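Here is the structure we will look at.
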Amino acid sequence: MKKIRMTLLLVWTLFFQIRGSAQEIHRFNIKDAIEYGSKNSAQVKNALLSYKMQEQTNRAITSDALPQISGSIGTVDNLIIATQLLPGEFAGQPAGTFIPIKFGTQYNTNLIATLKQTLFDGQVFVGLQARKTALDYYQVNAELTEQNIRVNIYKVYYQLLLSRTQVELLDDNIRRAQDLLNNTSILYKNGFSEKLDVDRATVQLSNLQAELTRTNFTIESGYLGLKILLGMPMKDSLILADSLTYERVRDVSLNENFNQYADRKDYQLLRLNRDLNEFDIKRYRKMYLPTVTLNGYISQNAYRTEFNVFDAKRDWYPAGYVSLNISIPIFDGFYKDANIKKAKFTLEQTQNQMEQLKINIDGEVKQAQLRYASALTVLTSQKNNMDLAQSVYDQTRKKYEQGVGSNTEILTAENDLVRAQNEYINSLYNTIIAKIDYQNAIGKI
C-alpha cells in the first residue's frame, strides 16, 4: 500500500511539472499582439513602475505638510551621582568655603512625545503643487514607451505576414518549376529537347528552393524577434491570425484630422517637463521666504533611588512646552540666486527643444506623407507589373506545351515573374512601413 501511495505521488508530481512547463499556443491578430505586448513588455512594465514610484514620491512630499509626531522612552542609571559645590555662606560657614552636595537620584526615566508641524514653507507648498504634473509626466512617458513598442510590433508583425505571402508565391513557383522540369525531362528522353534545357530547368528549381529556405529562416528569426518584443516565452507558439492584402495596405487617408503637436506623446512629454522646470524656479524663489514651524513637547519623568519605574503607586512628574519658530533667510552666499538662474537656463533649454521638436514633427509628417504617397504609386505599378508578368508566363507556358515555344522563353518568363513578385513584395513592405510611419508621425498609431 505504501508503494502505491509513493507511485501516485510521483505520478502527480510529474503531471504538474509537465503541466507547468507546457507551452502555450497564441493565435494573435494585430490587436491581440498589441494588447499582449502592452501587458508583458519589460520596457512598458518598467515605465509603469516608474509611475508607481512617483506616486510614492508624492506621498513623501505630502508628508512634509503633515504633522510629524515621534515618541521615545529612556532610562538613565547614574552610577556615580555628580557632586556639586554649594558656597559655605549658605550654611553660615566662612566665605570661600564650599559644601559638597549631590543632587538627583540614581535612576531617571523619561517618556517623551514631540510634535512638529510646518505651518509655512515655500518649497513644500510648491512641491504639493507639482505632484499632479509629475504624475502626468510619468504617465505620458509610459504611454510613449508603449507607443514605441506598438510601432515595432506593427512593423515586425506585418513583415512576417508579407513573408508568409512570399512563401506562398515561392511554393507556387516551385510547383511550376517542378512541372517544367518533369515535362522537359520527358521531352529530353523522347528526343524532343536538349540536355541543356533539363539543366536550366534544374538550376531554376534549385534557385527557387534555396530562396524558400532563406525565406523560412528569415521568418523563424522574425518570430523570435516578435516574441522578444511581446515579452513572450520562447517555448510558446505564436500564430498570426491576420492577413495582409493589397486593398488593406492602401486603406488609409492622408488627410486625417489630427492636432499636429498635441497628439504627439513626445511633445506632451516635453511640455510637462517644461511645467516641472517652472515649478523648480518657483521652488527656489520660495526659499527667500521665512519658514514657520510649530513645535510641541510633553514628557513624564520618574526619579527613583531604586529601579521601580513600573510601580504605579510612585509619582511621575510632567513637563511640556509649545514653541513657534520663524526662520528668516538673510544671506546664503548667493546660493539661491545661482539655483534660480540655473533652473531658468534649464527651462530655456526645454523651450528650445520644444521649438525644435515642432520643426521635426512638421518635417516627419510631410516626409511620411510623401513617402506613403510614393509607396502607394510604386505599389500599384508593381502590382500591375506582376499581373502582367503572370499573364506573359501563362501564355508562354501554353505555347511551350503546344510545342511552339522554347524552353528558354519559358525560363525567361518564369524569371521575369519571380522578379516581379519579389518587387511586389518589397513594394508591399515599403508601403506598410510608410503607412505605419505616417500614422506614428501624426500620433494616431
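By order in the C-alpha cells, chains are A, B, ...; within a chain, residues start at 1; ligands start at 1, following the order shown.
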
Inset, instruction - Would you list the contacts of A:Ser374 as a PyMOL selection string, taking every protein, DNA or RNA residue within 10 Å and counting only C-alpha atoms, but skipping same-chain residues closer than 6 positions in sequence? - result: chain A and resi 368+430-431+434

Inset, instruction - From stretch 273-348 of chain A, collect each residue whose DSSP state is alpha helix (DSSP H) and return the set as number ranges by chain. - result: A: 273-286, 335-348

Write to file, as a short mmCIF file (atom, residue, chain, number, x, y, z; two decimals), in the first residue's frame, the residues of the selection just made, with C-alpha atoms.
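Writing the result to result.cif gives the following:
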data_model
loop_
_atom_site.label_atom_id
_atom_site.label_comp_id
_atom_site.auth_asym_id
_atom_site.auth_seq_id
_atom_site.Cartn_x
_atom_site.Cartn_y
_atom_site.Cartn_z
CA ASN A 273 8.91 68.71 -18.50
CA ARG A 274 8.67 72.46 -19.15
CA ASP A 275 5.99 72.74 -16.46
CA LEU A 276 8.23 70.90 -14.00
CA ASN A 277 11.09 73.29 -14.87
CA GLU A 278 8.81 76.21 -14.00
CA PHE A 279 7.97 74.59 -10.66
CA ASP A 280 11.71 74.33 -9.98
CA ILE A 281 12.09 78.08 -10.47
CA LYS A 282 9.16 78.75 -8.14
CA ARG A 283 10.63 76.40 -5.54
CA TYR A 284 13.97 78.21 -5.45
CA ARG A 285 12.25 81.60 -5.27
CA LYS A 286 10.17 80.47 -2.30
CA TYR A 335 23.19 80.01 -3.31
CA LYS A 336 19.51 80.57 -4.09
CA ASP A 337 20.24 83.06 -6.84
CA ALA A 338 22.58 80.59 -8.57
CA ASN A 339 19.96 77.83 -8.42
CA ILE A 340 17.26 80.12 -9.80
CA LYS A 341 19.43 81.11 -12.75
CA LYS A 342 20.40 77.52 -13.42
CA ALA A 343 16.72 76.47 -13.35
CA LYS A 344 15.91 79.29 -15.80
CA PHE A 345 18.60 78.05 -18.18
CA THR A 346 17.17 74.53 -17.92
CA LEU A 347 13.71 75.91 -18.74
CA GLU A 348 15.14 77.75 -21.74
#

List every residue of stretch 15-75 of chain A that DSSP, applied to the backbone, labels as strand (DSSP E), and write the result as a short mmCIF file (atom, residue, chain, number, x, y, z; two decimals) with N, CA and C atoms, in the first residue's frame.
data_model
loop_
_atom_site.label_atom_id
_atom_site.label_comp_id
_atom_site.auth_asym_id
_atom_site.auth_seq_id
_atom_site.Cartn_x
_atom_site.Cartn_y
_atom_site.Cartn_z
N ILE A 25 -0.13 28.10 -26.82
CA ILE A 25 -0.30 28.44 -28.23
C ILE A 25 -1.10 29.73 -28.31
N HIS A 26 -0.51 30.74 -28.92
CA HIS A 26 -1.16 32.05 -29.04
C HIS A 26 -1.50 32.30 -30.51
N ARG A 27 -2.77 32.52 -30.75
CA ARG A 27 -3.22 32.88 -32.10
C ARG A 27 -3.64 34.34 -32.04
N PHE A 28 -2.80 35.21 -32.59
CA PHE A 28 -2.97 36.65 -32.42
C PHE A 28 -3.25 37.35 -33.73
N GLN A 68 4.46 65.84 12.21
CA GLN A 68 5.48 64.83 12.46
C GLN A 68 5.50 64.55 13.96
N ILE A 69 5.09 63.39 14.34
CA ILE A 69 4.98 63.02 15.75
C ILE A 69 5.93 61.87 16.03
N SER A 70 6.66 61.98 17.11
CA SER A 70 7.58 60.91 17.50
C SER A 70 7.54 60.73 19.00
N GLY A 71 7.90 59.57 19.45
CA GLY A 71 7.93 59.28 20.88
C GLY A 71 9.22 58.56 21.24
N SER A 72 9.58 58.66 22.49
CA SER A 72 10.79 57.99 22.95
C SER A 72 10.67 57.67 24.42
N ILE A 73 11.42 56.68 24.85
CA ILE A 73 11.50 56.31 26.26
C ILE A 73 12.95 56.05 26.58
N GLY A 74 13.39 56.55 27.72
CA GLY A 74 14.79 56.37 28.09
C GLY A 74 14.96 56.28 29.59
N THR A 75 15.93 55.51 30.01
CA THR A 75 16.24 55.34 31.43
C THR A 75 17.73 55.56 31.64
#

Legend entry - For A:Lys155: contacts at 7 Å, only C-alpha atoms, fewer than 4 positions along chain excluded, given as a PyMOL selection string: chain A and resi 151+159+433

Inset, instruction - Go ahead and compute the interatomic distance for atom CA of A:Glu220 and atom CA of A:Glu168, in Å to one decimal. - result: 15.6 Å

Inset, instruction - Using only C-alpha atoms, pick whichever of A:Gln23, A:Thr291, A:Ser427, A:Asn415 has the shortest atom-to-atom distance to A:Asn325. - result: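 Closest to A:Asn325 of all the choices is A:Thr291.
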
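Candidate residues A:Leu48, A:Leu324, A:Ala60, A:Leu272 were compared for distance to A:Ala134, and the nearest is A:Leu272, using only C-alpha atoms.
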
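Rounded to one decimal, atom CA of A:Glu143 and atom CA of A:Ala33 lie 16.6 Å from each other.
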
Legend entry - Surrounding residues of A:Ile149 excluding itself and chain neighbours under 5 positions, 8 Å, only C-alpha atoms, as a PyMOL selection string: chain A and resi 37-38+229

How would the residues just chosen look if you wrote them out with N, CA and C atoms as a tab-separated table (two decimals), in the first residue's frame?
chain	number	residue	atom	x	y	z
A	37	GLY	N	1.64	42.66	-25.89
A	37	GLY	CA	2.90	43.38	-25.71
A	37	GLY	C	2.79	44.48	-24.67
A	38	SER	N	1.63	45.16	-24.62
A	38	SER	CA	1.44	46.24	-23.65
A	38	SER	C	1.43	45.71	-22.22
A	229	LEU	N	9.80	41.20	-28.52
A	229	LEU	CA	9.06	42.46	-28.40
A	229	LEU	C	7.82	42.30	-27.53

Inset, instruction - Please measure the separation of atom CA of A:Gln439 and atom CA of A:Met232, giving the value in Å to one decimal. - result: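 Distance between the two atoms: 25.9 Å.
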
Legend entry - Selected residue of minimal separation from A:Val365 among A:Leu294, A:Leu388, A:Leu212, A:Ile442, counting only C-alpha atoms: A:Ile442

What are the closest atom pairs, with distances in Å to one decimal, for all residues of stretch 184-286 of chain A lying within 12 Å of stretch 389-404 of chain A? Consider only C-alpha atoms, order rows by chain and residue number, and present the result as a Markdown table.
| residue | atom | partner | partner_atom | distance |
| --- | --- | --- | --- | --- |
| A:Thr184 | CA | A:Tyr400 | CA | 10.1 |
| A:Leu187 | CA | A:Gly403 | CA | 10.4 |
| A:Phe192 | CA | A:Gly403 | CA | 9.6 |
| A:Ser193 | CA | A:Gly403 | CA | 10.8 |
